[in-house]
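Dumped input_34.cif below, it's mmCIF, N, CA, C and O atoms:
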```cif
data_data
loop_
_atom_site.label_atom_id
_atom_site.label_comp_id
_atom_site.auth_asym_id
_atom_site.auth_seq_id
_atom_site.Cartn_x
_atom_site.Cartn_y
_atom_site.Cartn_z
N MET Q 1 10.23 -5.57 -39.89
CA MET Q 1 10.56 -5.47 -38.48
C MET Q 1 9.26 -5.33 -37.70
O MET Q 1 8.48 -4.42 -37.93
N GLY Q 2 9.01 -6.22 -36.77
CA GLY Q 2 7.80 -6.19 -35.97
C GLY Q 2 8.07 -5.72 -34.56
O GLY Q 2 9.20 -5.47 -34.16
N ILE Q 3 7.01 -5.61 -33.83
CA ILE Q 3 7.11 -5.23 -32.42
C ILE Q 3 6.95 -6.49 -31.57
O ILE Q 3 6.03 -7.28 -31.79
N ASN Q 4 7.86 -6.68 -30.64
CA ASN Q 4 7.76 -7.80 -29.70
C ASN Q 4 7.27 -7.30 -28.36
O ASN Q 4 7.81 -6.32 -27.83
N PHE Q 5 6.25 -7.92 -27.82
CA PHE Q 5 5.75 -7.58 -26.50
C PHE Q 5 6.29 -8.61 -25.52
O PHE Q 5 6.18 -9.81 -25.75
N VAL Q 6 6.88 -8.13 -24.43
CA VAL Q 6 7.48 -9.01 -23.44
C VAL Q 6 6.69 -8.89 -22.14
O VAL Q 6 6.41 -7.79 -21.67
N ASP Q 7 6.33 -10.01 -21.58
CA ASP Q 7 5.64 -10.03 -20.29
C ASP Q 7 6.69 -9.87 -19.19
O ASP Q 7 7.55 -10.73 -19.03
N PRO Q 8 6.65 -8.76 -18.43
CA PRO Q 8 7.70 -8.51 -17.45
C PRO Q 8 7.55 -9.29 -16.15
O PRO Q 8 8.41 -9.23 -15.29
N ARG Q 9 6.46 -10.02 -16.01
CA ARG Q 9 6.25 -10.75 -14.75
C ARG Q 9 7.16 -11.96 -14.68
O ARG Q 9 7.26 -12.74 -15.61
N GLY Q 10 7.78 -12.12 -13.54
CA GLY Q 10 8.59 -13.30 -13.31
C GLY Q 10 7.75 -14.40 -12.69
O GLY Q 10 6.59 -14.20 -12.34
N GLU Q 11 8.32 -15.55 -12.56
CA GLU Q 11 7.63 -16.65 -11.90
C GLU Q 11 7.93 -16.59 -10.42
O GLU Q 11 9.06 -16.37 -10.01
N SER Q 12 6.90 -16.82 -9.61
CA SER Q 12 7.06 -16.78 -8.16
C SER Q 12 7.42 -18.16 -7.63
O SER Q 12 6.88 -19.17 -8.09
N ALA Q 13 8.28 -18.17 -6.64
CA ALA Q 13 8.64 -19.43 -5.99
C ALA Q 13 7.63 -19.79 -4.89
O ALA Q 13 7.69 -20.86 -4.33
N ILE Q 14 6.73 -18.85 -4.62
CA ILE Q 14 5.74 -19.04 -3.56
C ILE Q 14 4.37 -19.29 -4.19
O ILE Q 14 3.94 -18.54 -5.07
N GLU Q 15 3.70 -20.32 -3.73
CA GLU Q 15 2.37 -20.63 -4.23
C GLU Q 15 1.38 -19.54 -3.81
O GLU Q 15 1.38 -19.12 -2.66
N PRO Q 16 0.55 -19.02 -4.73
CA PRO Q 16 -0.43 -18.00 -4.34
C PRO Q 16 -1.39 -18.52 -3.28
O PRO Q 16 -1.76 -19.69 -3.29
N GLU Q 17 -1.75 -17.63 -2.37
CA GLU Q 17 -2.69 -17.99 -1.31
C GLU Q 17 -3.94 -17.14 -1.46
O GLU Q 17 -3.85 -15.92 -1.62
N GLN Q 18 -5.10 -17.79 -1.42
CA GLN Q 18 -6.35 -17.08 -1.59
C GLN Q 18 -6.60 -16.12 -0.43
O GLN Q 18 -6.42 -16.47 0.72
N TYR Q 19 -7.03 -14.91 -0.78
CA TYR Q 19 -7.36 -13.90 0.21
C TYR Q 19 -8.72 -14.25 0.81
O TYR Q 19 -9.69 -14.43 0.08
N LYS Q 20 -8.82 -14.36 2.13
CA LYS Q 20 -10.02 -14.92 2.75
C LYS Q 20 -10.99 -13.88 3.31
O LYS Q 20 -12.08 -14.23 3.71
N LEU Q 21 -10.61 -12.61 3.35
CA LEU Q 21 -11.52 -11.59 3.86
C LEU Q 21 -12.55 -11.25 2.79
O LEU Q 21 -12.22 -11.13 1.62
N THR Q 22 -13.80 -11.10 3.20
CA THR Q 22 -14.86 -10.73 2.27
C THR Q 22 -15.78 -9.72 2.94
O THR Q 22 -15.77 -9.57 4.17
N THR Q 23 -16.56 -9.05 2.14
CA THR Q 23 -17.60 -8.17 2.64
C THR Q 23 -18.75 -8.20 1.66
O THR Q 23 -18.57 -8.45 0.48
N SER Q 24 -19.93 -7.95 2.16
CA SER Q 24 -21.12 -7.90 1.31
C SER Q 24 -21.21 -6.52 0.67
O SER Q 24 -21.07 -5.50 1.35
N LEU Q 25 -21.44 -6.47 -0.62
CA LEU Q 25 -21.55 -5.20 -1.32
C LEU Q 25 -23.01 -4.92 -1.68
O LEU Q 25 -23.39 -4.81 -2.83
N ASP Q 26 -23.83 -4.80 -0.64
CA ASP Q 26 -25.24 -4.49 -0.82
C ASP Q 26 -25.42 -3.00 -1.03
O ASP Q 26 -24.55 -2.20 -0.64
N PRO Q 27 -26.54 -2.57 -1.63
CA PRO Q 27 -26.79 -1.13 -1.77
C PRO Q 27 -26.66 -0.43 -0.43
O PRO Q 27 -27.08 -0.94 0.60
N GLY Q 28 -26.01 0.74 -0.45
CA GLY Q 28 -25.78 1.50 0.77
C GLY Q 28 -24.43 1.23 1.40
O GLY Q 28 -23.99 1.99 2.27
N THR Q 29 -23.76 0.16 1.00
CA THR Q 29 -22.42 -0.14 1.50
C THR Q 29 -21.44 0.89 0.95
O THR Q 29 -21.52 1.28 -0.21
N THR Q 30 -20.51 1.34 1.78
CA THR Q 30 -19.52 2.31 1.34
C THR Q 30 -18.18 1.62 1.08
O THR Q 30 -17.69 0.87 1.93
N VAL Q 31 -17.63 1.88 -0.09
CA VAL Q 31 -16.31 1.38 -0.47
C VAL Q 31 -15.39 2.60 -0.58
O VAL Q 31 -15.72 3.58 -1.24
N GLY Q 32 -14.25 2.53 0.08
CA GLY Q 32 -13.27 3.62 0.04
C GLY Q 32 -12.32 3.46 -1.12
O GLY Q 32 -12.00 2.34 -1.54
N LEU Q 33 -11.89 4.58 -1.66
CA LEU Q 33 -10.88 4.63 -2.71
C LEU Q 33 -9.73 5.46 -2.19
O LEU Q 33 -9.88 6.65 -1.94
N LEU Q 34 -8.58 4.84 -1.99
CA LEU Q 34 -7.41 5.52 -1.41
C LEU Q 34 -6.33 5.67 -2.47
O LEU Q 34 -5.67 4.71 -2.85
N ALA Q 35 -6.17 6.90 -2.96
CA ALA Q 35 -5.14 7.20 -3.95
C ALA Q 35 -3.80 7.38 -3.24
O ALA Q 35 -3.74 7.95 -2.16
N ASN Q 36 -2.73 6.92 -3.89
CA ASN Q 36 -1.42 6.94 -3.24
C ASN Q 36 -0.63 8.22 -3.49
O ASN Q 36 0.40 8.41 -2.89
N GLY Q 37 -1.10 9.08 -4.36
CA GLY Q 37 -0.38 10.32 -4.61
C GLY Q 37 0.45 10.31 -5.88
O GLY Q 37 0.97 11.35 -6.28
N PHE Q 38 0.62 9.16 -6.52
CA PHE Q 38 1.30 9.14 -7.81
C PHE Q 38 0.42 9.81 -8.85
O PHE Q 38 -0.81 9.82 -8.71
N PRO Q 39 1.01 10.36 -9.91
CA PRO Q 39 0.21 10.96 -10.96
C PRO Q 39 -0.83 9.97 -11.50
O PRO Q 39 -0.55 8.79 -11.67
N ASP Q 40 -2.03 10.47 -11.69
CA ASP Q 40 -3.16 9.72 -12.24
C ASP Q 40 -3.74 8.67 -11.30
O ASP Q 40 -4.63 7.92 -11.69
N SER Q 41 -3.27 8.59 -10.05
CA SER Q 41 -3.86 7.61 -9.14
C SER Q 41 -5.32 7.96 -8.83
O SER Q 41 -6.16 7.06 -8.71
N VAL Q 42 -5.64 9.24 -8.74
CA VAL Q 42 -7.03 9.66 -8.50
C VAL Q 42 -7.89 9.28 -9.70
O VAL Q 42 -8.97 8.70 -9.55
N GLU Q 43 -7.41 9.59 -10.89
CA GLU Q 43 -8.17 9.27 -12.11
C GLU Q 43 -8.35 7.77 -12.27
O GLU Q 43 -9.42 7.30 -12.67
N PHE Q 44 -7.31 7.01 -11.95
CA PHE Q 44 -7.41 5.55 -12.02
C PHE Q 44 -8.50 5.05 -11.08
O PHE Q 44 -9.35 4.24 -11.45
N LEU Q 45 -8.50 5.55 -9.84
CA LEU Q 45 -9.50 5.10 -8.87
C LEU Q 45 -10.90 5.58 -9.23
O LEU Q 45 -11.89 4.91 -8.89
N GLU Q 46 -11.02 6.70 -9.92
CA GLU Q 46 -12.34 7.12 -10.41
C GLU Q 46 -12.87 6.08 -11.38
O GLU Q 46 -14.06 5.73 -11.34
N ALA Q 47 -12.02 5.57 -12.26
CA ALA Q 47 -12.43 4.53 -13.20
C ALA Q 47 -12.80 3.25 -12.45
O ALA Q 47 -13.77 2.58 -12.79
N VAL Q 48 -12.02 2.91 -11.43
CA VAL Q 48 -12.35 1.73 -10.61
C VAL Q 48 -13.71 1.93 -9.93
O VAL Q 48 -14.55 1.03 -9.93
N GLY Q 49 -13.94 3.12 -9.38
CA GLY Q 49 -15.21 3.42 -8.73
C GLY Q 49 -16.38 3.32 -9.69
O GLY Q 49 -17.44 2.78 -9.34
N GLU Q 50 -16.20 3.81 -10.92
CA GLU Q 50 -17.25 3.70 -11.92
C GLU Q 50 -17.56 2.23 -12.23
O GLU Q 50 -18.72 1.85 -12.39
N ALA Q 51 -16.52 1.42 -12.32
CA ALA Q 51 -16.72 -0.01 -12.59
C ALA Q 51 -17.46 -0.69 -11.43
O ALA Q 51 -18.34 -1.52 -11.64
N ILE Q 52 -17.12 -0.31 -10.20
CA ILE Q 52 -17.79 -0.90 -9.03
C ILE Q 52 -19.27 -0.54 -9.04
O ILE Q 52 -20.13 -1.41 -8.88
N THR Q 53 -19.58 0.75 -9.22
CA THR Q 53 -20.98 1.17 -9.16
C THR Q 53 -21.78 0.67 -10.37
O THR Q 53 -22.99 0.51 -10.27
N ALA Q 54 -21.11 0.43 -11.49
CA ALA Q 54 -21.80 -0.16 -12.64
C ALA Q 54 -22.23 -1.59 -12.35
O ALA Q 54 -23.31 -2.03 -12.75
N ARG Q 55 -21.38 -2.32 -11.63
CA ARG Q 55 -21.69 -3.73 -11.31
C ARG Q 55 -22.55 -3.86 -10.06
O ARG Q 55 -23.27 -4.84 -9.90
N ARG Q 56 -22.44 -2.91 -9.15
CA ARG Q 56 -23.17 -2.94 -7.89
C ARG Q 56 -23.87 -1.59 -7.66
O ARG Q 56 -23.42 -0.77 -6.87
N PRO Q 57 -24.99 -1.35 -8.36
CA PRO Q 57 -25.70 -0.08 -8.16
C PRO Q 57 -26.07 0.11 -6.68
O PRO Q 57 -26.40 -0.85 -5.98
N GLY Q 58 -25.98 1.33 -6.22
CA GLY Q 58 -26.30 1.64 -4.84
C GLY Q 58 -25.11 1.66 -3.91
O GLY Q 58 -25.22 2.07 -2.76
N ILE Q 59 -23.95 1.21 -4.39
CA ILE Q 59 -22.73 1.28 -3.58
C ILE Q 59 -22.33 2.75 -3.47
O ILE Q 59 -22.35 3.49 -4.45
N GLU Q 60 -21.95 3.15 -2.28
CA GLU Q 60 -21.46 4.51 -2.06
C GLU Q 60 -19.94 4.48 -2.12
O GLU Q 60 -19.31 3.50 -1.72
N LEU Q 61 -19.35 5.54 -2.62
CA LEU Q 61 -17.89 5.65 -2.70
C LEU Q 61 -17.42 6.80 -1.83
O LEU Q 61 -18.02 7.87 -1.82
N ALA Q 62 -16.34 6.56 -1.10
CA ALA Q 62 -15.68 7.61 -0.31
C ALA Q 62 -14.24 7.67 -0.81
O ALA Q 62 -13.64 6.64 -1.10
N ARG Q 63 -13.70 8.88 -0.92
CA ARG Q 63 -12.40 9.05 -1.54
C ARG Q 63 -11.39 9.70 -0.60
O ARG Q 63 -11.72 10.65 0.10
N TRP Q 64 -10.17 9.19 -0.65
CA TRP Q 64 -9.04 9.78 0.08
C TRP Q 64 -7.84 9.82 -0.86
O TRP Q 64 -7.74 9.00 -1.78
N ASN Q 65 -6.93 10.75 -0.61
CA ASN Q 65 -5.71 10.86 -1.39
C ASN Q 65 -4.57 11.17 -0.44
O ASN Q 65 -4.59 12.20 0.24
N LYS Q 66 -3.59 10.28 -0.37
CA LYS Q 66 -2.42 10.53 0.48
C LYS Q 66 -1.67 11.76 0.02
O LYS Q 66 -1.03 12.43 0.83
N GLY Q 67 -1.71 12.07 -1.26
CA GLY Q 67 -1.05 13.25 -1.79
C GLY Q 67 0.44 13.11 -1.98
O GLY Q 67 1.04 13.90 -2.70
N ASP Q 68 1.05 12.14 -1.36
CA ASP Q 68 2.49 11.92 -1.46
C ASP Q 68 2.74 10.42 -1.40
O ASP Q 68 2.53 9.78 -0.37
N ALA Q 69 3.20 9.88 -2.51
CA ALA Q 69 3.38 8.43 -2.59
C ALA Q 69 4.39 7.89 -1.60
O ALA Q 69 4.34 6.72 -1.23
N SER Q 70 5.29 8.73 -1.13
CA SER Q 70 6.30 8.25 -0.19
C SER Q 70 5.82 8.28 1.26
O SER Q 70 6.47 7.74 2.15
N ALA Q 71 4.66 8.90 1.51
CA ALA Q 71 4.12 8.98 2.87
C ALA Q 71 3.20 7.80 3.15
O ALA Q 71 2.59 7.24 2.24
N ILE Q 72 3.10 7.44 4.41
CA ILE Q 72 2.14 6.41 4.79
C ILE Q 72 0.82 7.09 5.12
O ILE Q 72 0.78 8.28 5.45
N ALA Q 73 -0.26 6.34 5.02
CA ALA Q 73 -1.56 6.88 5.44
C ALA Q 73 -1.51 7.05 6.95
O ALA Q 73 -1.18 6.12 7.68
N ASN Q 74 -1.81 8.26 7.43
CA ASN Q 74 -1.70 8.52 8.86
C ASN Q 74 -2.87 7.91 9.64
O ASN Q 74 -3.86 7.47 9.05
N ASP Q 75 -2.74 7.88 10.95
CA ASP Q 75 -3.76 7.26 11.79
C ASP Q 75 -5.12 7.91 11.64
O ASP Q 75 -6.15 7.22 11.67
N ALA Q 76 -5.16 9.23 11.49
CA ALA Q 76 -6.44 9.92 11.33
C ALA Q 76 -7.14 9.47 10.05
O ALA Q 76 -8.35 9.17 10.05
N MET Q 77 -6.41 9.41 8.95
CA MET Q 77 -6.99 8.97 7.68
C MET Q 77 -7.46 7.52 7.77
O MET Q 77 -8.56 7.19 7.35
N LEU Q 78 -6.62 6.66 8.35
CA LEU Q 78 -7.00 5.25 8.49
C LEU Q 78 -8.23 5.11 9.38
O LEU Q 78 -9.10 4.28 9.12
N GLY Q 79 -8.33 5.93 10.43
CA GLY Q 79 -9.50 5.90 11.29
C GLY Q 79 -10.77 6.30 10.55
O GLY Q 79 -11.82 5.68 10.73
N GLU Q 80 -10.68 7.32 9.71
CA GLU Q 80 -11.83 7.73 8.89
C GLU Q 80 -12.25 6.61 7.95
O GLU Q 80 -13.44 6.31 7.83
N ILE Q 81 -11.28 6.01 7.29
CA ILE Q 81 -11.57 4.93 6.35
C ILE Q 81 -12.24 3.77 7.07
O ILE Q 81 -13.26 3.25 6.62
N GLU Q 82 -11.69 3.38 8.21
CA GLU Q 82 -12.25 2.26 8.97
C GLU Q 82 -13.67 2.57 9.43
O GLU Q 82 -14.54 1.70 9.39
N ALA Q 83 -13.92 3.80 9.88
CA ALA Q 83 -15.24 4.17 10.38
C ALA Q 83 -16.29 4.25 9.28
O ALA Q 83 -17.46 3.94 9.51
N GLU Q 84 -15.89 4.62 8.07
CA GLU Q 84 -16.85 4.88 7.01
C GLU Q 84 -17.04 3.73 6.02
O GLU Q 84 -18.05 3.68 5.34
N CYS Q 85 -16.06 2.85 5.90
CA CYS Q 85 -16.05 1.91 4.78
C CYS Q 85 -16.10 0.45 5.21
O CYS Q 85 -15.48 0.06 6.19
N ALA Q 86 -16.81 -0.33 4.40
CA ALA Q 86 -16.80 -1.79 4.59
C ALA Q 86 -15.62 -2.41 3.86
O ALA Q 86 -15.19 -3.51 4.19
N ALA Q 87 -15.12 -1.71 2.84
CA ALA Q 87 -13.98 -2.20 2.05
C ALA Q 87 -13.26 -0.98 1.48
O ALA Q 87 -13.83 0.11 1.41
N VAL Q 88 -12.01 -1.17 1.09
CA VAL Q 88 -11.25 -0.07 0.48
C VAL Q 88 -10.38 -0.62 -0.64
O VAL Q 88 -9.86 -1.73 -0.55
N VAL Q 89 -10.27 0.16 -1.71
CA VAL Q 89 -9.36 -0.14 -2.81
C VAL Q 89 -8.25 0.89 -2.71
O VAL Q 89 -8.50 2.09 -2.76
N ALA Q 90 -7.02 0.41 -2.57
CA ALA Q 90 -5.86 1.30 -2.47
C ALA Q 90 -5.05 1.18 -3.74
O ALA Q 90 -4.72 0.07 -4.17
N ALA Q 91 -4.73 2.31 -4.36
CA ALA Q 91 -3.88 2.31 -5.55
C ALA Q 91 -2.44 2.44 -5.10
O ALA Q 91 -2.11 3.27 -4.27
N TYR Q 92 -1.57 1.63 -5.66
CA TYR Q 92 -0.15 1.73 -5.36
C TYR Q 92 0.63 1.53 -6.66
O TYR Q 92 0.07 1.07 -7.65
N GLY Q 93 1.86 1.87 -6.61
CA GLY Q 93 2.66 1.80 -7.84
C GLY Q 93 2.35 2.98 -8.74
O GLY Q 93 1.68 3.92 -8.34
N HIS Q 94 2.83 2.95 -9.93
CA HIS Q 94 2.52 4.01 -10.90
C HIS Q 94 2.82 3.55 -12.29
O HIS Q 94 3.31 2.51 -12.53
#
```
What does the file become when written as structure tokens?
Amino acid sequence: MGINFVDPRGESAIEPEQYKLTTSLDPGTTVGLLANGFPDSVEFLEAVGEAITARRPGIELARWNKGDASAIANDAMLGEIEAECAAVVAAYGH
């Protein structure tokens, strides 16, 4: 008896569209990490941050945590992120 691995992704009826926004990740650029509040979202984003700084030395990281996955990021938090960051990685799901 073996183990079968099943890919849970379905096929999309919509053709993927390339995301057109870009930013330069030069040394000194700040990238935000926004945790959604699910368990391990902070730890996951720490790993993402480590991967970013390994590939782009000199990148600064700023961190936020919504603390509650069911809440939206409030205007104050979004304002801080916008003022401080050239880009942001948001964790969602769990």
Point to revise | Among listed residues Q:Leu21, Q:Leu78, Q:Ala71, Q:Val31, nearest Ile52 (chain Q) (using only C-alpha atoms) | key: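 Between Q:Leu21, Q:Leu78, Q:Ala71, Q:Val31, the residue approaching Ile52 (chain Q) most closely is Q:Val31.
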Exercise: Leu61 (chain Q) partners within 7 Å, all atoms listed in the file, chain neighbours under 6 positions left out, as an mmCIF file with N, CA, C and O atoms, keeping the file's coordinate frame:
```cif
data_model
loop_
_atom_site.group_PDB
_atom_site.id
_atom_site.type_symbol
_atom_site.label_atom_id
_atom_site.label_comp_id
_atom_site.auth_asym_id
_atom_site.auth_seq_id
_atom_site.Cartn_x
_atom_site.Cartn_y
_atom_site.Cartn_z
ATOM 1 N N THR Q 29 -23.760 0.160 1.000
ATOM 2 C CA THR Q 29 -22.420 -0.140 1.500
ATOM 3 C C THR Q 29 -21.440 0.890 0.950
ATOM 4 O O THR Q 29 -21.520 1.280 -0.210
ATOM 5 N N THR Q 30 -20.510 1.340 1.780
ATOM 6 C CA THR Q 30 -19.520 2.310 1.340
ATOM 7 C C THR Q 30 -18.180 1.620 1.080
ATOM 8 O O THR Q 30 -17.690 0.870 1.930
ATOM 9 N N VAL Q 31 -17.630 1.880 -0.090
ATOM 10 C CA VAL Q 31 -16.310 1.380 -0.470
ATOM 11 C C VAL Q 31 -15.390 2.600 -0.580
ATOM 12 O O VAL Q 31 -15.720 3.580 -1.240
ATOM 13 N N GLY Q 32 -14.250 2.530 0.080
ATOM 14 C CA GLY Q 32 -13.270 3.620 0.040
ATOM 15 C C GLY Q 32 -12.320 3.460 -1.120
ATOM 16 O O GLY Q 32 -12.000 2.340 -1.540
ATOM 17 N N LEU Q 33 -11.890 4.580 -1.660
ATOM 18 C CA LEU Q 33 -10.880 4.630 -2.710
ATOM 19 C C LEU Q 33 -9.730 5.460 -2.190
ATOM 20 O O LEU Q 33 -9.880 6.650 -1.940
ATOM 21 N N GLY Q 49 -13.940 3.120 -9.380
ATOM 22 C CA GLY Q 49 -15.210 3.420 -8.730
ATOM 23 C C GLY Q 49 -16.380 3.320 -9.690
ATOM 24 O O GLY Q 49 -17.440 2.780 -9.340
#
```
Exercise for review: Select, from Q:Ala62, Q:Asn4, Q:Ala13, Q:Ala54, the residue with the minimum atom-to-atom distance to Ile81 (chain Q), counting only N, CA, C and O atoms.
Suggested key: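 Under the stated criterion, the closest residue is Q:Ala62.
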Practice item. To one decimal in Å, tell me the separation between atom N of Leu45 (chain Q) and atom C of Tyr92 (chain Q). Key: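 Calculated distance between atom N of Leu45 (chain Q) and atom C of Tyr92 (chain Q) is 10.5 Å.
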Review point. What residues in region 52-94 of chain Q get the DSSP label strand (DSSP E or B)? Please answer as a PyMOL selection string.
Key: chain Q and resi 60-65+87-90
Exercise for review: For atom N of Gly37 (chain Q) and atom C of Ala69 (chain Q), determine how far apart the two atoms are, in Å to one decimal place.
Suggested key: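 Atom C of Ala69 (chain Q) lies 6.3 Å from atom N of Gly37 (chain Q).
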**Study point:** Expansion of the PyMOL selection byres ((chain Q and resi 38) around 8) into residues, as a VMD selection string
**Key:** chain Q and resid 35 to 37 39 to 44 66 to 70 91 to 94
Point to revise | Interatomic distance (Å, one decimal) between CA of Glu80 (chain Q) and CA of Trp64 (chain Q) | key: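 Answer for the CA of Glu80 (chain Q) to CA of Trp64 (chain Q) separation: 9.5 Å.
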Quick one: what's the axis-aligned box for region 46-50 of chain Q, all listed atoms, 5 Å on every side, centre and edges in Å to one decimal, as JSON?
```
{"center_x": -14.9, "center_y": 4.1, "center_z": -11.0, "size_x": 17.7, "size_y": 16.1, "size_z": 14.5}
```
Review point. From the set Q:Glu17, Q:Asp7, Q:Asp26, Q:Glu50, which residue has the shortest atom-to-atom contact distance to Ala86 (chain Q), counting only C-alpha atoms?
Key: Q:Asp26
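Note that DSSP on the backbone gives alpha helix (DSSP H) to these residues of region 15-79 of chain Q: Ser41, Val42, Glu43, Phe44, Leu45, Glu46, Ala47, Val48, Gly49, Glu50, Ala51, Ile52, Thr53, Ala54, Arg55, Asp75, Ala76, Met77, Leu78 and Gly79 of chain Q.
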Check your understanding: Nearest to Arg63 (chain Q) among Q:Ala51, Q:Leu34, Q:Ile3, Q:Arg9, with distances taken over only N, CA, C and O atoms: which residue is it?
Key ->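 The shortest atom-to-atom distance to Arg63 (chain Q) comes from Q:Leu34.
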Review point. From the list Q:Pro27, Q:Asp75, Q:Phe5, Q:Ser12, which residue is nearest Arg56 (chain Q) when using only N, CA, C and O atoms?
Key: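 Checking each of Q:Pro27, Q:Asp75, Q:Phe5, Q:Ser12 against Arg56 (chain Q), counting only N, CA, C and O atoms, the winner is Q:Pro27.
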